[in-house]
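Engineer: Contents are TSV, C-alpha atoms; file name model_6.tsv:
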```tsv
chain	number	residue	atom	x	y	z
A	22	MET	CA	90.21	128.09	94.03
A	23	ILE	CA	92.25	131.11	92.96
A	24	ILE	CA	96.02	130.90	93.55
A	25	PRO	CA	97.91	134.13	92.81
A	26	THR	CA	101.21	133.68	90.97
A	27	ILE	CA	104.38	135.65	91.64
A	28	LEU	CA	106.76	135.83	88.68
A	29	VAL	CA	109.62	138.23	89.40
A	30	SER	CA	113.39	138.47	88.99
A	31	SER	CA	114.35	140.21	92.24
A	32	PHE	CA	113.63	139.62	95.91
A	33	ASP	CA	112.45	143.21	96.38
A	34	GLU	CA	109.77	142.66	93.73
A	35	PHE	CA	108.83	139.38	95.41
A	36	ALA	CA	108.54	141.00	98.84
A	37	THR	CA	106.35	143.77	97.42
A	38	GLN	CA	103.93	141.32	95.80
A	39	ALA	CA	103.86	139.03	98.84
A	40	LYS	CA	103.02	142.02	101.03
A	41	LYS	CA	100.11	142.91	98.73
A	42	LEU	CA	98.74	139.37	99.07
A	43	LYS	CA	98.98	139.23	102.87
A	44	GLY	CA	95.50	138.88	104.31
A	45	VAL	CA	93.97	138.43	100.86
A	46	CYS	CA	94.48	134.70	100.38
A	47	ASP	CA	96.06	131.67	102.03
A	48	TYR	CA	98.12	130.34	99.11
A	49	ALA	CA	100.39	131.78	96.42
A	50	GLN	CA	102.48	130.26	93.67
A	51	ILE	CA	106.15	131.15	93.23
A	52	ASP	CA	107.34	130.84	89.65
A	53	VAL	CA	110.90	129.52	89.88
A	54	MET	CA	112.86	130.24	86.69
A	55	ASP	CA	116.40	129.04	85.97
A	56	GLY	CA	117.18	131.00	82.79
A	57	VAL	CA	117.60	127.71	80.91
A	58	PHE	CA	114.18	126.07	80.59
A	59	VAL	CA	112.74	129.57	80.23
A	60	PRO	CA	114.65	132.72	79.20
A	61	ASN	CA	114.11	134.65	82.43
A	62	LYS	CA	115.67	133.90	85.81
A	63	SER	CA	114.16	134.42	89.26
A	64	PHE	CA	115.96	135.79	92.31
A	65	GLY	CA	118.59	133.73	94.12
A	66	ASP	CA	118.36	134.89	97.74
A	67	ILE	CA	115.41	132.64	98.52
A	68	GLU	CA	116.35	132.24	102.20
A	69	LYS	CA	115.00	135.76	102.76
A	70	ILE	CA	111.46	134.48	102.14
A	71	ASN	CA	111.32	133.05	105.67
A	72	GLY	CA	111.70	136.54	107.07
A	73	LEU	CA	108.67	137.99	105.30
A	74	LYS	CA	106.05	136.64	107.74
A	75	SER	CA	103.43	136.86	105.01
A	76	GLY	CA	101.32	134.03	106.43
A	77	LEU	CA	101.13	132.53	102.94
A	78	LYS	CA	101.61	128.88	102.05
A	79	TRP	CA	103.78	128.46	98.97
A	80	GLU	CA	103.30	126.42	95.83
A	81	LEU	CA	106.49	126.20	93.75
A	82	HIS	CA	106.20	126.06	89.96
A	83	LEU	CA	109.64	124.86	88.86
A	84	MET	CA	110.31	126.18	85.37
A	85	ALA	CA	113.77	124.68	85.57
A	86	ALA	CA	115.81	122.26	83.47
A	87	ASP	CA	116.95	120.36	86.59
A	88	PRO	CA	113.99	120.19	88.99
A	89	LEU	CA	115.78	117.98	91.52
A	90	ALA	CA	118.65	120.46	91.89
A	91	GLU	CA	116.18	123.33	92.14
A	92	MET	CA	114.22	121.54	94.87
A	93	GLU	CA	117.35	121.25	97.01
A	94	LYS	CA	117.61	125.04	97.11
A	95	TRP	CA	114.07	125.36	98.47
A	96	LYS	CA	114.18	122.76	101.25
A	97	GLU	CA	114.78	125.36	103.95
A	98	VAL	CA	111.95	127.65	102.86
A	99	LYS	CA	109.07	127.38	105.30
A	100	ASN	CA	105.43	126.84	104.37
A	101	VAL	CA	106.02	125.16	101.01
A	102	PHE	CA	103.09	122.77	100.52
A	103	ARG	CA	103.27	121.78	96.86
A	104	VAL	CA	105.97	121.52	94.19
A	105	ILE	CA	105.16	121.35	90.47
A	106	PHE	CA	107.71	120.24	87.88
A	107	HIS	CA	107.53	120.19	84.08
A	108	ILE	CA	107.27	116.87	82.27
A	109	GLU	CA	109.43	118.40	79.51
A	110	THR	CA	112.39	118.53	81.92
A	111	ALA	CA	111.98	115.10	83.49
A	112	ASP	CA	114.23	112.18	82.50
A	113	ASP	CA	112.75	110.16	85.38
A	114	PRO	CA	109.38	111.62	86.45
A	115	GLU	CA	108.78	108.93	89.09
A	116	LYS	CA	112.08	109.82	90.79
A	117	ILE	CA	111.12	113.49	90.90
A	118	ILE	CA	107.64	112.72	92.24
A	119	ALA	CA	109.14	110.48	94.94
A	120	ALA	CA	111.58	113.24	95.93
A	121	ILE	CA	108.75	115.76	96.23
A	122	HIS	CA	106.65	113.43	98.38
A	123	GLY	CA	109.78	112.61	100.39
A	124	ASN	CA	109.84	116.24	101.52
A	125	CYS	CA	106.19	115.97	102.62
A	126	TRP	CA	105.08	118.21	99.76
A	127	GLN	CA	102.23	117.59	97.37
A	128	ALA	CA	103.47	116.76	93.87
A	129	GLY	CA	102.25	118.44	90.72
A	130	ILE	CA	103.17	117.87	87.10
A	131	ALA	CA	102.98	120.64	84.48
A	132	LEU	CA	102.88	120.59	80.73
A	133	ASN	CA	103.44	123.30	78.17
A	134	PRO	CA	100.73	124.19	75.63
A	135	GLU	CA	102.28	122.08	72.86
A	136	THR	CA	102.95	119.00	75.01
A	137	PRO	CA	100.46	116.15	74.49
A	138	LEU	CA	98.44	114.79	77.40
A	139	SER	CA	99.89	111.35	76.69
A	140	ALA	CA	103.24	112.57	78.09
A	141	ILE	CA	101.85	112.64	81.63
A	142	GLU	CA	99.24	109.87	81.55
A	143	PRO	CA	101.58	107.21	83.06
A	144	TYR	CA	102.01	109.39	86.17
A	145	LEU	CA	98.45	110.54	86.86
A	146	ASN	CA	98.01	108.09	89.72
A	147	LEU	CA	101.18	109.40	91.40
A	148	VAL	CA	100.56	113.14	91.45
A	149	ASP	CA	98.21	115.39	93.37
A	150	LEU	CA	97.77	117.99	90.65
A	151	VAL	CA	98.13	118.53	86.91
A	152	LEU	CA	98.98	122.06	85.77
A	153	PHE	CA	98.09	123.05	82.21
A	154	LEU	CA	99.92	126.11	80.91
A	155	THR	CA	97.73	128.28	78.72
A	156	VAL	CA	100.60	130.61	77.78
A	157	ARG	CA	104.20	130.19	76.68
A	158	PRO	CA	106.04	129.90	80.01
A	159	GLY	CA	108.40	132.36	81.63
A	160	LYS	CA	106.77	135.76	81.12
A	161	GLN	CA	103.79	137.26	82.92
A	162	GLY	CA	101.12	138.84	80.77
A	163	ALA	CA	101.66	136.47	77.83
A	164	LYS	CA	98.88	135.70	75.35
A	165	PHE	CA	96.23	133.19	76.46
A	166	LEU	CA	96.08	130.04	74.30
A	167	PRO	CA	92.49	128.70	74.27
A	168	GLU	CA	93.42	125.54	72.34
A	169	VAL	CA	94.63	123.98	75.62
A	170	LYS	CA	90.93	123.51	76.40
A	171	GLU	CA	90.79	120.20	74.53
A	172	LYS	CA	93.58	118.66	76.63
A	173	VAL	CA	91.92	119.77	79.86
A	174	LYS	CA	88.54	118.38	78.84
A	175	THR	CA	90.14	115.11	77.75
A	176	LEU	CA	91.70	114.67	81.20
A	177	VAL	CA	88.40	115.52	82.89
A	178	SER	CA	86.64	112.89	80.80
A	179	LEU	CA	89.09	110.07	81.59
A	180	PRO	CA	87.85	107.29	83.90
A	181	LEU	CA	88.65	107.84	87.56
A	182	LEU	CA	91.86	106.23	88.75
A	183	GLU	CA	91.94	103.69	91.55
A	184	GLY	CA	92.21	105.56	94.83
A	185	GLY	CA	92.46	104.76	98.51
A	186	GLN	CA	89.72	102.66	100.15
A	187	GLY	CA	88.35	101.80	96.72
A	188	ARG	CA	87.37	105.37	95.92
A	189	GLY	CA	87.83	106.83	92.46
A	190	TYR	CA	90.62	109.37	92.16
A	191	ARG	CA	91.62	112.15	89.82
A	192	PRO	CA	94.39	114.70	90.37
A	193	LEU	CA	93.35	118.30	90.83
A	194	ILE	CA	93.33	120.20	87.54
A	195	ALA	CA	94.93	123.65	87.44
A	196	VAL	CA	95.31	126.17	84.63
A	197	ASP	CA	98.01	128.84	84.59
A	198	GLY	CA	98.42	131.76	82.22
A	199	GLY	CA	96.37	134.62	80.83
A	200	ILE	CA	93.46	134.12	83.23
A	201	LYS	CA	91.32	137.21	83.83
A	202	SER	CA	87.74	138.24	84.52
A	203	SER	CA	86.76	138.00	80.85
A	204	ASN	CA	87.68	134.32	80.47
A	205	ILE	CA	87.68	132.72	83.92
A	206	ALA	CA	84.05	131.55	83.73
A	207	GLU	CA	84.74	129.85	80.40
A	208	ILE	CA	87.83	128.16	81.84
A	209	LYS	CA	85.77	126.92	84.79
A	210	SER	CA	83.42	125.23	82.33
A	211	TRP	CA	86.33	123.04	81.17
A	212	GLY	CA	86.31	121.29	84.56
A	213	VAL	CA	89.17	123.20	86.19
A	214	ASP	CA	89.67	123.11	89.99
A	215	ILE	CA	92.42	125.70	90.48
A	216	PHE	CA	93.03	128.97	88.65
A	217	CYS	CA	96.58	130.35	88.83
A	218	VAL	CA	96.22	134.08	88.22
A	219	GLY	CA	99.15	136.41	87.64
A	220	SER	CA	99.09	139.93	86.24
A	221	ALA	CA	95.29	140.26	86.30
A	222	LEU	CA	95.49	139.98	90.09
A	223	VAL	CA	98.90	141.12	91.34
A	224	MET	CA	98.83	144.21	89.11
A	225	ALA	CA	95.25	145.13	90.05
A	226	LYS	CA	94.65	148.46	91.80
A	227	ASP	CA	92.60	146.71	94.50
A	228	ILE	CA	93.92	143.16	94.89
A	229	LYS	CA	91.48	142.14	97.62
A	230	LYS	CA	88.47	143.28	95.60
A	231	THR	CA	89.75	141.62	92.41
A	232	TYR	CA	90.49	138.38	94.27
A	233	LYS	CA	86.95	138.29	95.67
A	234	GLU	CA	85.45	139.03	92.24
A	235	LEU	CA	87.45	136.30	90.51
A	236	THR	CA	86.64	133.83	93.29
A	237	ALA	CA	82.93	134.60	92.94
A	238	MET	CA	83.16	133.90	89.20
A	239	THR	CA	84.65	130.46	89.86
A	240	ASN	CA	81.91	129.64	92.38
A	241	ILE	CA	79.08	130.14	89.89
A	242	CYS	CA	77.69	126.76	88.84
```
Before anything else, please render the file you have as structure tokens.
Structural biologist:
Amino acid sequence: MIIPTILVSSFDEFATQAKKLKGVCDYAQIDVMDGVFVPNKSFGDIEKINGLKSGLKWELHLMAADPLAEMEKWKEVKNVFRVIFHIETADDPEKIIAAIHGNCWQAGIALNPETPLSAIEPYLNLVDLVLFLTVRPGKQGAKFLPEVKEKVKTLVSLPLLEGGQGRGYRPLIAVDGGIKSSNIAEIKSWGVDIFCVGSALVMAKDIKKTYKELTAMTNIC
């Protein structure tokens, strides 16, 4: 699955990109930046999102030093379906995961390129998704870091966790950062389920065509 990412600092920019995505896809990721965990800061007037009528369901990627406080700001935004926080910001990951699920959202956990997989292993049975960043966070168009491949493949190779009704379980695996047509097939070969695509998609001349092309590349066995 391709999920477009929106990383902007003003609501006007956000509205422009959301409008471009309307009718192209069902889901989009909002990069939420606090200016502390990452240098840049996203827009503050988030209540305006409800007035866009984009038809999109939102995934929040909280690049914020205090994810619980950031979540409070987004409770009134409609159509949020998943919230992802960074393990690097979490003093009590289980508390954050419980708070996300308490809002009837799916919970995701993200890790920066330099963070070891061992940092999130205790929480794999609690989350719905693991997001691997393949760039330094906070700036769209950053350089892709292929060395993250080994962490992704290690997670894919781990034994399935105990799931409901005795079924094996593994969180969805997502990759975010520097994904484009020239590397998306290679990334798929790592065992990735979800591809979070930023500038290669939202800056494309024909977003619908590019989205279809990237999706086709991820559907090739």
Engineer: What are the closest atom pairs, with distances in Å to one decimal, for all residues of range 202-225 of chain A lying within 10 Å of range 28-36 of chain A? Consider only C-alpha atoms, order rows by chain and residue number, and present the result as a tab-separated table.
Structural biologist:
```
residue	atom	partner	partner_atom	distance
A:Gly219	CA	A:Leu28	CA	7.7
A:Ser220	CA	A:Leu28	CA	9.0
A:Val223	CA	A:Leu28	CA	9.8
```
Engineer: So which residues touch range 43-49 of chain A within 7 Å, counting all atoms listed in the file, skipping near sequence neighbours fewer than 5 positions away, as a PyMOL selection string?
Structural biologist: chain A and resi 24-26+75-80+229
Engineer: For Ala86 in chain A, which residue out of A:Ile67, A:Ile118, A:Val151, A:Val53 is the nearest one, using only C-alpha atoms?
Structural biologist: A:Val53
Engineer: Might you pull out every residue within 8 Å of Ala131 in chain A, with only C-alpha atoms counted and same-chain residues fewer than 2 positions away left off, and present them as a list in words?
Structural biologist: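 What passes the distance filter is Ile105, Phe106, His107, Ile108, Gly129, Asn133, Val151, Leu152, Phe153 and Leu154 of chain A.
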Engineer: Smallest atom-to-atom distance to Val177 in chain A: which of A:Tyr232, A:Trp211, A:Phe64, A:Phe102, using all atoms listed in the file?
Structural biologist: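 Using all atoms listed in the file, the shortest distance to Val177 in chain A belongs to A:Trp211.
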Engineer: Find the distance between CA of Ile27 in chain A and CA of Glu142 in chain A and write it in Å to one decimal.
Structural biologist: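 These atoms are spaced 28.2 Å apart.
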Engineer: For CA of Asp87 in chain A and CA of Lys69 in chain A, quote the distance in Å rounded to one decimal.
Structural biologist: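 Interatomic distance, CA of Asp87 in chain A to CA of Lys69 in chain A: 22.4 Å.
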Engineer: For a test of reading the model, state the distance in Å between CA of Glu93 in chain A and CA of Ile117 in chain A, rounded to one decimal.
Structural biologist: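 Spanning CA of Glu93 in chain A to CA of Ile117 in chain A is a straight-line distance of 11.7 Å.
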Engineer: Hey, could you make a per-residue contact list for range 51-163 of chain A against range 189-200 of chain A with 9 Å as the cut-off, showing the nearest pair of atoms and its distance in Å to one decimal, counting only C-alpha atoms, sorted by chain and number, as a tab-separated table?
Structural biologist:
```
residue	atom	partner	partner_atom	distance
A:Gly129	CA	A:Pro192	CA	8.7
A:Leu145	CA	A:Pro192	CA	6.8
A:Asn146	CA	A:Pro192	CA	7.6
A:Leu147	CA	A:Pro192	CA	8.7
A:Val148	CA	A:Pro192	CA	6.5
A:Asp149	CA	A:Pro192	CA	4.9
A:Leu150	CA	A:Leu193	CA	4.4
A:Val151	CA	A:Ile194	CA	5.1
A:Leu152	CA	A:Ala195	CA	4.7
A:Phe153	CA	A:Val196	CA	4.8
A:Leu154	CA	A:Asp197	CA	5.0
A:Thr155	CA	A:Gly198	CA	5.0
A:Val156	CA	A:Gly198	CA	5.1
A:Arg157	CA	A:Gly198	CA	8.2
A:Pro158	CA	A:Gly198	CA	8.1
A:Gln161	CA	A:Gly198	CA	7.7
A:Gly162	CA	A:Gly199	CA	6.4
A:Ala163	CA	A:Gly199	CA	6.4
```
Engineer: Which one of A:Ala206, A:Ile23, A:Val173, A:Ala140 sits closest to Thr231 in chain A if you count all atoms listed in the file?
Structural biologist: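 Counting all atoms listed in the file, the residue closest to Thr231 in chain A is A:Ile23.
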Engineer: Of the candidates A:Asp66, A:Glu97, A:Glu115, A:Asp52, which one gets nearest to Ala128 in chain A if we count all atoms listed in the file?
Structural biologist: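 Residue with the minimum atom-to-atom distance to Ala128 in chain A: A:Glu115.
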Engineer: For a quick check of understanding, using all atoms listed in the file, which of A:Ala119, A:Leu73, A:Leu182, A:Met22 has the smallest distance to Lys41 in chain A?
Structural biologist: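 The closest residue to Lys41 in chain A is A:Leu73.
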Engineer: Which residue out of A:Ile141, A:Leu222, A:Ile70, A:Met54 has the minimum interatomic distance to Asp113 in chain A when all atoms listed in the file are used?
Structural biologist: A:Ile141
